[in-house]
$ cat structure-v3.pdb   # PDB, C-alpha atoms
MODEL        1
ATOM      1  CA  MET A   1     111.864 119.346  75.690
ATOM      2  CA  ALA A   2     111.931 120.288  79.338
ATOM      3  CA  ILE A   3     110.768 118.301  82.315
ATOM      4  CA  PHE A   4     109.141 120.128  85.176
ATOM      5  CA  LEU A   5     107.989 118.663  88.452
ATOM      6  CA  THR A   6     105.335 120.445  90.418
ATOM      7  CA  ASP A   7     103.789 119.926  93.839
ATOM      8  CA  GLN A   8     101.093 117.937  92.044
ATOM      9  CA  SER A   9     103.497 115.569  90.234
ATOM     10  CA  ARG A  10     102.929 111.933  91.205
ATOM     11  CA  VAL A  11     106.145 109.925  90.795
ATOM     12  CA  LEU A  12     106.649 106.193  90.229
ATOM     13  CA  VAL A  13     110.147 104.816  90.856
ATOM     14  CA  GLN A  14     111.067 101.972  88.536
ATOM     15  CA  GLY A  15     113.600  99.839  90.408
ATOM     16  CA  MET A  16     112.707 101.306  93.813
ATOM     17  CA  THR A  17     113.472  98.061  95.656
ATOM     18  CA  GLY A  18     117.065  97.846  94.399
ATOM     19  CA  SER A  19     120.028  99.447  96.143
ATOM     20  CA  GLU A  20     120.245 102.602  94.008
ATOM     21  CA  GLY A  21     116.481 102.966  93.690
ATOM     22  CA  SER A  22     115.998 102.609  97.427
ATOM     23  CA  LYS A  23     118.734 105.128  98.232
ATOM     24  CA  HIS A  24     117.425 107.731  95.812
ATOM     25  CA  THR A  25     113.778 107.169  96.746
ATOM     26  CA  ALA A  26     114.653 107.923 100.382
ATOM     27  CA  ARG A  27     116.432 111.109  99.279
ATOM     28  CA  MET A  28     113.542 112.203  97.070
ATOM     29  CA  LEU A  29     111.022 111.616  99.865
ATOM     30  CA  ALA A  30     113.197 113.619 102.265
ATOM     31  CA  ALA A  31     113.244 116.448  99.713
ATOM     32  CA  GLY A  32     109.434 116.423  99.498
ATOM     33  CA  THR A  33     108.916 114.587  96.205
ATOM     34  CA  ASN A  34     105.468 112.999  95.963
ATOM     35  CA  ILE A  35     106.496 109.353  95.479
ATOM     36  CA  VAL A  36     103.279 107.380  94.942
ATOM     37  CA  GLY A  37     104.764 103.962  94.221
ATOM     38  CA  GLY A  38     107.534 101.796  92.949
ATOM     39  CA  VAL A  39     107.697  99.214  90.183
ATOM     40  CA  ASN A  40     109.169  95.732  90.486
ATOM     41  CA  PRO A  41     107.298  92.824  88.878
ATOM     42  CA  ARG A  42     108.761  90.326  91.362
ATOM     43  CA  LYS A  43     107.665  92.345  94.403
ATOM     44  CA  ALA A  44     104.239  93.550  93.260
ATOM     45  CA  GLY A  45     101.710  93.821  96.071
ATOM     46  CA  THR A  46     104.261  94.613  98.741
ATOM     47  CA  ALA A  47     105.260  97.949 100.243
ATOM     48  CA  VAL A  48     108.592  99.444 101.260
ATOM     49  CA  ASP A  49     108.977 101.482 104.439
ATOM     50  CA  PHE A  50     111.018 104.675 104.149
ATOM     51  CA  SER A  51     111.287 106.100 107.669
ATOM     52  CA  GLY A  52     107.591 105.606 108.358
ATOM     53  CA  THR A  53     106.334 106.272 104.841
ATOM     54  CA  GLN A  54     104.906 103.127 103.242
ATOM     55  CA  VAL A  55     105.366 103.142  99.458
ATOM     56  CA  PRO A  56     103.450 100.467  97.511
ATOM     57  CA  VAL A  57     105.150  98.337  94.855
ATOM     58  CA  PHE A  58     103.361  97.606  91.569
ATOM     59  CA  GLY A  59     104.072  94.989  88.941
ATOM     60  CA  SER A  60     104.186  97.437  86.047
ATOM     61  CA  VAL A  61     104.165 101.137  85.259
ATOM     62  CA  ALA A  62     100.643 100.754  83.834
ATOM     63  CA  ASP A  63      99.427  99.169  87.097
ATOM     64  CA  GLY A  64     101.038 101.950  89.132
ATOM     65  CA  MET A  65      99.502 104.647  86.946
ATOM     66  CA  LYS A  66      96.061 103.083  87.196
ATOM     67  CA  ALA A  67      96.230 102.769  90.991
ATOM     68  CA  THR A  68      97.825 106.121  91.793
ATOM     69  CA  GLY A  69      97.364 108.506  88.889
ATOM     70  CA  ALA A  70     101.144 108.739  88.520
ATOM     71  CA  ASP A  71     102.315 111.093  85.780
ATOM     72  CA  VAL A  72     106.116 110.846  86.172
ATOM     73  CA  SER A  73     108.498 107.905  86.168
ATOM     74  CA  VAL A  74     112.108 107.832  87.265
ATOM     75  CA  ILE A  75     114.262 104.794  86.518
ATOM     76  CA  PHE A  76     116.919 103.210  88.746
ATOM     77  CA  VAL A  77     117.568  99.793  87.223
ATOM     78  CA  PRO A  78     120.756  97.946  86.249
ATOM     79  CA  PRO A  79     122.050  98.970  82.813
ATOM     80  CA  ARG A  80     120.981  95.730  81.133
ATOM     81  CA  PHE A  81     117.324  96.438  82.084
ATOM     82  CA  THR A  82     117.268 100.128  81.175
ATOM     83  CA  LYS A  83     115.932  99.770  77.633
ATOM     84  CA  ASP A  84     113.054  97.563  78.788
ATOM     85  CA  ALA A  85     112.207  99.955  81.628
ATOM     86  CA  VAL A  86     112.122 102.957  79.285
ATOM     87  CA  ILE A  87     109.977 101.085  76.753
ATOM     88  CA  GLU A  88     107.605  99.977  79.518
ATOM     89  CA  ALA A  89     107.129 103.587  80.654
ATOM     90  CA  ILE A  90     106.559 104.773  77.091
ATOM     91  CA  ASP A  91     104.106 101.957  76.362
ATOM     92  CA  ALA A  92     102.178 102.798  79.534
ATOM     93  CA  GLY A  93     101.784 106.366  78.267
ATOM     94  CA  ILE A  94     103.322 108.111  81.264
ATOM     95  CA  GLY A  95     104.006 111.775  80.620
TER      96      GLY A  95
ENDMDL
END

$ encode --input "structure-v3.pdb" --output "structure tokens"
Amino acid sequence: MAIFLTDQSRVLVQGMTGSEGSKHTARMLAAGTNIVGGVNPRKAGTAVDFSGTQVPVFGSVADGMKATGADVSVIFVPPRFTKDAVIEAIDAGIG
């Protein structure tokens, strides 16, 4: 299995509001990645500013996919939440 990102890939960042997620989201945006949203159930309905780019936060991967058409998820969560984050992405049917 190979994973390819294209110019049309729409990326959700699970854990975007945490320290690692925030740092890597900023780097991905600077590199031109099409970040369409983040996922954090406690911060759903807010947005995070990355140097003038407002990125919305959704309560779940499924909500983010529905609102944005996201087809890729990247996960930056603490180790104890990793399994749940992966299962959430799989259950949402993200590619």

$ residues_around --input "structure-v3.pdb" --residues "Val77 in chain A" --least-positions-apart "6" --cutoff "8 Å" --atoms "all atoms listed in the file" --output "PDB file with C-alpha atoms, keeping the file's coordinate frame"
ATOM      1  CA  GLN A  14     111.067 101.972  88.536  1.00  0.00           C
ATOM      2  CA  GLY A  15     113.600  99.839  90.408  1.00  0.00           C
ATOM      3  CA  GLY A  18     117.065  97.846  94.399  1.00  0.00           C
ATOM      4  CA  GLU A  20     120.245 102.602  94.008  1.00  0.00           C
ATOM      5  CA  GLY A  21     116.481 102.966  93.690  1.00  0.00           C
ATOM      6  CA  ALA A  85     112.207  99.955  81.628  1.00  0.00           C
TER       7      ALA A  85
END

$ resolve_selection --input "structure-v3.pdb" --expression "the PyMOL selection byres ((chain A and resi 7) around 10)" --output "PyMOL selection string"
chain A and resi 5-6+8-10+32-34

$ resolve_selection --input "structure-v3.pdb" --expression "the PyMOL selection byres ((chain A and resi 53) around 12)" --output "VMD selection string"
chain A and resid 25 to 26 29 to 30 32 34 to 37 47 to 52 54 to 56

$ residues_around --input "structure-v3.pdb" --residues "Ala62 in chain A" --least-positions-apart "6" --cutoff "12 Å" --atoms "all atoms listed in the file" --output "PyMOL selection string"
chain A and resi 12+14+37-41+68-73+85+87-95

$ closest_residue --input "structure-v3.pdb" --among "A:Val86, A:Ala31, A:Met65, A:Val57" --to "Thr17 in chain A" --atoms "only C-alpha atoms"
A:Val57

$ closest_residue --input "structure-v3.pdb" --among "A:Arg27, A:Met16, A:Val11, A:Phe81" --to "Thr46 in chain A" --atoms "all atoms listed in the file"
A:Met16

$ atom_distance --input "structure-v3.pdb" --atom1 "CA of Asp84 in chain A" --atom2 "CA of Asp63 in chain A"
16.0 Å

$ atom_distance --input "structure-v3.pdb" --atom1 "CA of Lys83 in chain A" --atom2 "CA of Lys66 in chain A"
22.3 Å

$ atom_distance --input "structure-v3.pdb" --atom1 "CA of Pro78 in chain A" --atom2 "CA of Gly45 in chain A"
21.8 Å

$ closest_residue --input "structure-v3.pdb" --among "A:Val13, A:Ala44, A:Thr82, A:Phe4" --to "Met28 in chain A" --atoms "only C-alpha atoms"
A:Val13

$ closest_residue --input "structure-v3.pdb" --among "A:Gly59, A:Arg80, A:Ala67, A:Ile75" --to "Ser22 in chain A" --atoms "only C-alpha atoms"
A:Ile75

$ decode --input "structure-v3.pdb" --residues "range 77-91 of chain A" --atoms "all heavy atoms" --output "compact mmCIF listing (two decimals), in the first residue's frame"
# COMPACT_ATOMS: atom_id res chain seq x y z
N VAL A 77 -1.74 13.01 18.03
CA VAL A 77 -2.36 12.95 19.35
C VAL A 77 -1.40 12.25 20.32
O VAL A 77 -0.51 11.53 19.88
CB VAL A 77 -3.72 12.22 19.31
CG1 VAL A 77 -4.72 12.93 18.41
CG2 VAL A 77 -3.57 10.77 18.90
N PRO A 78 -1.60 12.45 21.62
CA PRO A 78 -0.77 11.73 22.59
C PRO A 78 -0.92 10.22 22.40
O PRO A 78 -1.98 9.73 21.98
CB PRO A 78 -1.34 12.17 23.94
CG PRO A 78 -1.96 13.50 23.68
CD PRO A 78 -2.52 13.40 22.27
N PRO A 79 0.13 9.47 22.71
CA PRO A 79 0.11 8.02 22.48
C PRO A 79 -1.12 7.30 23.03
O PRO A 79 -1.66 6.41 22.38
CB PRO A 79 1.39 7.53 23.17
CG PRO A 79 2.31 8.70 23.10
CD PRO A 79 1.42 9.91 23.26
N ARG A 80 -1.60 7.70 24.18
CA ARG A 80 -2.73 6.99 24.78
C ARG A 80 -4.04 7.17 23.99
O ARG A 80 -4.99 6.43 24.19
CB ARG A 80 -2.91 7.38 26.24
CG ARG A 80 -3.38 8.79 26.46
CD ARG A 80 -3.51 9.08 27.96
NE ARG A 80 -3.95 10.42 28.20
CZ ARG A 80 -3.17 11.48 28.34
NH1 ARG A 80 -1.86 11.33 28.28
NH2 ARG A 80 -3.68 12.67 28.55
N PHE A 81 -4.08 8.17 23.09
CA PHE A 81 -5.28 8.42 22.29
C PHE A 81 -5.13 7.95 20.84
O PHE A 81 -6.07 8.07 20.05
CB PHE A 81 -5.63 9.91 22.28
CG PHE A 81 -5.89 10.48 23.65
CD1 PHE A 81 -5.18 11.57 24.10
CD2 PHE A 81 -6.83 9.90 24.49
CE1 PHE A 81 -5.41 12.10 25.36
CE2 PHE A 81 -7.08 10.42 25.76
CZ PHE A 81 -6.36 11.52 26.20
N THR A 82 -3.99 7.40 20.50
CA THR A 82 -3.71 7.04 19.11
C THR A 82 -4.67 5.99 18.57
O THR A 82 -5.23 6.14 17.49
CB THR A 82 -2.26 6.57 18.95
OG1 THR A 82 -1.39 7.60 19.40
CG2 THR A 82 -1.94 6.23 17.51
N LYS A 83 -4.87 4.92 19.33
CA LYS A 83 -5.75 3.85 18.86
C LYS A 83 -7.15 4.39 18.57
O LYS A 83 -7.72 4.10 17.51
CB LYS A 83 -5.81 2.73 19.89
CG LYS A 83 -6.71 1.57 19.48
CD LYS A 83 -6.73 0.49 20.55
CE LYS A 83 -7.69 -0.62 20.18
NZ LYS A 83 -7.76 -1.62 21.25
N ASP A 84 -7.69 5.18 19.47
CA ASP A 84 -9.03 5.74 19.26
C ASP A 84 -9.07 6.65 18.04
O ASP A 84 -10.05 6.64 17.29
CB ASP A 84 -9.50 6.51 20.50
CG ASP A 84 -9.84 5.59 21.66
OD1 ASP A 84 -10.11 4.40 21.44
OD2 ASP A 84 -9.83 6.08 22.81
N ALA A 85 -8.02 7.43 17.83
CA ALA A 85 -7.98 8.33 16.68
C ALA A 85 -7.94 7.55 15.37
O ALA A 85 -8.62 7.90 14.40
CB ALA A 85 -6.79 9.27 16.78
N VAL A 86 -7.16 6.49 15.34
CA VAL A 86 -7.07 5.66 14.13
C VAL A 86 -8.42 4.98 13.86
O VAL A 86 -8.91 5.00 12.72
CB VAL A 86 -5.95 4.61 14.26
CG1 VAL A 86 -6.01 3.58 13.14
CG2 VAL A 86 -4.58 5.28 14.30
N ILE A 87 -9.04 4.43 14.90
CA ILE A 87 -10.33 3.78 14.74
C ILE A 87 -11.39 4.78 14.28
O ILE A 87 -12.22 4.48 13.41
CB ILE A 87 -10.75 3.06 16.03
CG1 ILE A 87 -9.83 1.85 16.25
CG2 ILE A 87 -12.21 2.63 15.98
CD1 ILE A 87 -9.97 1.18 17.60
N GLU A 88 -11.36 5.99 14.82
CA GLU A 88 -12.31 7.02 14.39
C GLU A 88 -12.17 7.31 12.91
O GLU A 88 -13.16 7.42 12.18
CB GLU A 88 -12.10 8.31 15.19
CG GLU A 88 -13.04 9.41 14.76
CD GLU A 88 -12.81 10.73 15.47
OE1 GLU A 88 -12.05 10.79 16.44
OE2 GLU A 88 -13.41 11.71 15.03
N ALA A 89 -10.93 7.44 12.43
CA ALA A 89 -10.70 7.72 11.01
C ALA A 89 -11.19 6.58 10.14
O ALA A 89 -11.83 6.79 9.10
CB ALA A 89 -9.23 8.01 10.75
N ILE A 90 -10.90 5.35 10.57
CA ILE A 90 -11.35 4.18 9.81
C ILE A 90 -12.87 4.11 9.79
O ILE A 90 -13.48 3.89 8.73
CB ILE A 90 -10.75 2.88 10.42
CG1 ILE A 90 -9.24 2.86 10.19
CG2 ILE A 90 -11.42 1.65 9.82
CD1 ILE A 90 -8.51 1.78 10.99
N ASP A 91 -13.50 4.31 10.95
CA ASP A 91 -14.95 4.24 11.02
C ASP A 91 -15.61 5.31 10.17
O ASP A 91 -16.70 5.10 9.63
CB ASP A 91 -15.44 4.37 12.46
CG ASP A 91 -15.20 3.12 13.30
OD1 ASP A 91 -14.88 2.06 12.72
OD2 ASP A 91 -15.33 3.19 14.54
